[in-house]
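Report on the following structure.
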Amino acid sequence: SSLLTIQNRKSRPVGYEVKSRTSVSWASQNMLALGLIVLGLLVIHLSHFWAKMQLQHFLGNEGENSYDLVKTLFSNGFYVAMYVIWIIALCFHITHGFWSMFQSIGVTNNKWIPRLKTIAVIYSHLIMVGYILIPVYFFLGFGDV
């Protein structure tokens with residue numbers, strides 16, 4: 001393999017021009033970083049919410065009051081910032097992953113990929129806005145009723 005590469009370079013010292021047919025989005029270039037952010041904050045989210053509410057009910061315990069728990073956690077600015085960053089990373093991750101999933105199963109024509117990208121952007125941004133409203137609502141004190 002390396003011998004062929006050396007022979008190829010000797011016979012054509014100029015090199016090859018590579019043209020990309022499609023532009024690569026920021027989200028697709030950073031899927032690993034976005035995935036790690038999503039995974040890390042998912043662990044934090046599960047340990048703060050699922051473990052204190054759902055897991056406790058599964059184990060036969062009372063568990064914490066969900067409203068009080070959300071209100072307490074989202075009164076902390078650091079936790080709100082982490083949560084918002086998590087949701088934004090998740091938005092980019094879903095935006096790329098949604099249409100990429102269809103491309104992986106063979107839907108790669110010029111008619112459907114732009115449609116799927118548009119659906120992915122709309123869907124992921126609606127999810128993002130909805131989930132960001134929750135911590136902002138509590139952080140701004142609207143949940144103190």
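Chain identifiers are assigned as A, B, and so on, following the order in which chains appear in the structure tokens; residues are numbered from 1 within each chain, and ligands are numbered from 1 in order of appearance.
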List every residue of range 27-94 of chain A that DSSP, applied to the backbone, labels as alpha helix (DSSP H), and write the result as a VMD selection string. chain A and resid 27 to 29 31 to 45 54 to 58 66 to 73 77 to 94
Skip range 120-126 of chain A itself and residues of its chain fewer than 2 positions away, then list as an MDAnalysis selection string all residues within 8 Å of it, counting only C-alpha atoms. chainID A and resid 91:92 94:96 98:99 116:118 128:130
For the residues in the current selection, export all heavy atoms as a short mmCIF file (atom, residue, chain, number, x, y, z; two decimals), in the first residue's frame.
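Just written: out_17.cif:
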```
data_model
loop_
_atom_site.label_atom_id
_atom_site.label_comp_id
_atom_site.auth_asym_id
_atom_site.auth_seq_id
_atom_site.Cartn_x
_atom_site.Cartn_y
_atom_site.Cartn_z
N CYS A 91 -29.83 20.18 20.28
CA CYS A 91 -30.49 20.71 19.09
C CYS A 91 -29.61 20.50 17.85
O CYS A 91 -30.08 20.00 16.82
CB CYS A 91 -30.79 22.19 19.28
SG CYS A 91 -31.44 23.01 17.81
N PHE A 92 -28.34 20.88 17.94
CA PHE A 92 -27.43 20.68 16.80
C PHE A 92 -27.26 19.19 16.50
O PHE A 92 -27.20 18.78 15.34
CB PHE A 92 -26.07 21.31 17.08
CG PHE A 92 -26.06 22.80 16.89
CD1 PHE A 92 -25.93 23.64 17.98
CD2 PHE A 92 -26.17 23.35 15.63
CE1 PHE A 92 -25.91 25.01 17.80
CE2 PHE A 92 -26.16 24.72 15.44
CZ PHE A 92 -26.04 25.55 16.54
N ILE A 94 -29.40 16.73 17.09
CA ILE A 94 -30.62 16.22 16.45
C ILE A 94 -30.75 16.74 15.03
O ILE A 94 -31.14 16.00 14.12
CB ILE A 94 -31.86 16.60 17.28
CG1 ILE A 94 -31.89 15.81 18.59
CG2 ILE A 94 -33.15 16.34 16.50
CD1 ILE A 94 -32.96 16.28 19.56
N THR A 95 -30.40 18.00 14.80
CA THR A 95 -30.50 18.58 13.46
C THR A 95 -29.70 17.76 12.46
O THR A 95 -30.19 17.41 11.38
CB THR A 95 -29.99 20.04 13.45
OG1 THR A 95 -30.80 20.80 14.33
CG2 THR A 95 -30.05 20.64 12.07
N HIS A 96 -28.46 17.44 12.82
CA HIS A 96 -27.65 16.64 11.90
C HIS A 96 -28.10 15.19 11.89
O HIS A 96 -28.22 14.58 10.83
CB HIS A 96 -26.17 16.71 12.28
CG HIS A 96 -25.34 15.78 11.47
ND1 HIS A 96 -25.04 16.01 10.15
CD2 HIS A 96 -24.78 14.59 11.78
CE1 HIS A 96 -24.33 15.00 9.68
NE2 HIS A 96 -24.16 14.14 10.64
N PHE A 98 -30.92 13.69 12.47
CA PHE A 98 -32.22 13.37 11.87
C PHE A 98 -32.10 13.11 10.38
O PHE A 98 -32.47 12.04 9.90
CB PHE A 98 -33.21 14.52 12.15
CG PHE A 98 -34.59 14.28 11.60
CD1 PHE A 98 -35.50 13.55 12.33
CD2 PHE A 98 -34.97 14.78 10.37
CE1 PHE A 98 -36.77 13.32 11.83
CE2 PHE A 98 -36.23 14.57 9.86
CZ PHE A 98 -37.14 13.83 10.60
N TRP A 99 -31.58 14.09 9.64
CA TRP A 99 -31.50 13.88 8.19
C TRP A 99 -30.40 12.89 7.83
O TRP A 99 -30.51 12.15 6.85
CB TRP A 99 -31.34 15.19 7.43
CG TRP A 99 -30.01 15.87 7.59
CD1 TRP A 99 -29.70 16.85 8.47
CD2 TRP A 99 -28.83 15.60 6.84
NE1 TRP A 99 -28.39 17.21 8.32
CE2 TRP A 99 -27.82 16.45 7.33
CE3 TRP A 99 -28.50 14.72 5.82
CZ2 TRP A 99 -26.53 16.45 6.82
CZ3 TRP A 99 -27.22 14.73 5.32
CH2 TRP A 99 -26.26 15.58 5.82
N LEU A 116 -35.68 16.98 4.29
CA LEU A 116 -35.37 16.39 5.59
C LEU A 116 -34.54 17.33 6.44
O LEU A 116 -34.72 17.39 7.67
CB LEU A 116 -34.66 15.04 5.40
CG LEU A 116 -35.52 13.93 4.81
CD1 LEU A 116 -34.68 12.73 4.43
CD2 LEU A 116 -36.64 13.54 5.77
N LYS A 117 -33.62 18.06 5.84
CA LYS A 117 -32.82 19.03 6.58
C LYS A 117 -33.72 20.13 7.15
O LYS A 117 -33.54 20.55 8.29
CB LYS A 117 -31.73 19.63 5.70
CG LYS A 117 -30.58 18.70 5.45
CD LYS A 117 -29.50 19.36 4.61
CE LYS A 117 -28.32 18.45 4.40
NZ LYS A 117 -27.23 19.07 3.64
N THR A 118 -34.68 20.58 6.35
CA THR A 118 -35.61 21.62 6.82
C THR A 118 -36.47 21.10 7.97
O THR A 118 -36.65 21.78 8.98
CB THR A 118 -36.50 22.11 5.66
OG1 THR A 118 -35.66 22.62 4.62
CG2 THR A 118 -37.47 23.18 6.11
N MET A 128 -35.81 22.61 21.22
CA MET A 128 -34.86 23.43 21.96
C MET A 128 -35.57 24.58 22.70
O MET A 128 -35.36 24.78 23.90
CB MET A 128 -33.80 24.00 21.02
CG MET A 128 -32.79 24.91 21.71
SD MET A 128 -31.58 25.65 20.59
CE MET A 128 -32.59 26.77 19.65
N VAL A 129 -36.40 25.31 21.99
CA VAL A 129 -37.09 26.44 22.62
C VAL A 129 -37.99 25.96 23.76
O VAL A 129 -37.99 26.54 24.85
CB VAL A 129 -37.92 27.23 21.57
CG1 VAL A 129 -38.86 28.22 22.22
CG2 VAL A 129 -36.99 27.94 20.60
N GLY A 130 -38.72 24.89 23.53
CA GLY A 130 -39.60 24.35 24.57
C GLY A 130 -38.85 23.95 25.83
O GLY A 130 -39.27 24.28 26.95
#
```
Write out as a list in words each polymer residue whose atoms come within 8 Å of range 65-77 of chain A, counting only C-alpha atoms; drop sequence neighbours fewer than 6 positions from it. Phe49, Met53, Pro135, Val136, Phe138, Phe139, Gly141, Gly143 and Asp144 of chain A
Can you pull out the residues contacting His93 in chain A? Cut-off 10 Å, using only C-alpha atoms, and skip same-chain residues under 2 positions away; I want them as a ChimeraX atom specification. /A:27-28,30-35,37-38,87-91,95-98,124
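The space between CA of Leu59 in chain A and CA of Met82 in chain A spans 28.8 Å.
Across the model, the gap from CA of Tyr131 in chain A to CA of Tyr83 in chain A is 9.0 Å.
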Near-range 109-115 of chain A list (9 Å; only C-alpha atoms; drop same-chain fewer than 6 positions) as a VMD selection string: chain A and resid 99 to 100 102 to 103
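Taking CA of Leu46 in chain A and CA of Val84 in chain A as the two end points, the separation is 15.5 Å.
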Can you list, as a ChimeraX atom specification, every protein, DNA or RNA residue that comes within 8 Å of Gly63 in chain A when you count only C-alpha atoms, leaving out same-chain residues fewer than 2 positions away? /A:52-57,61,65
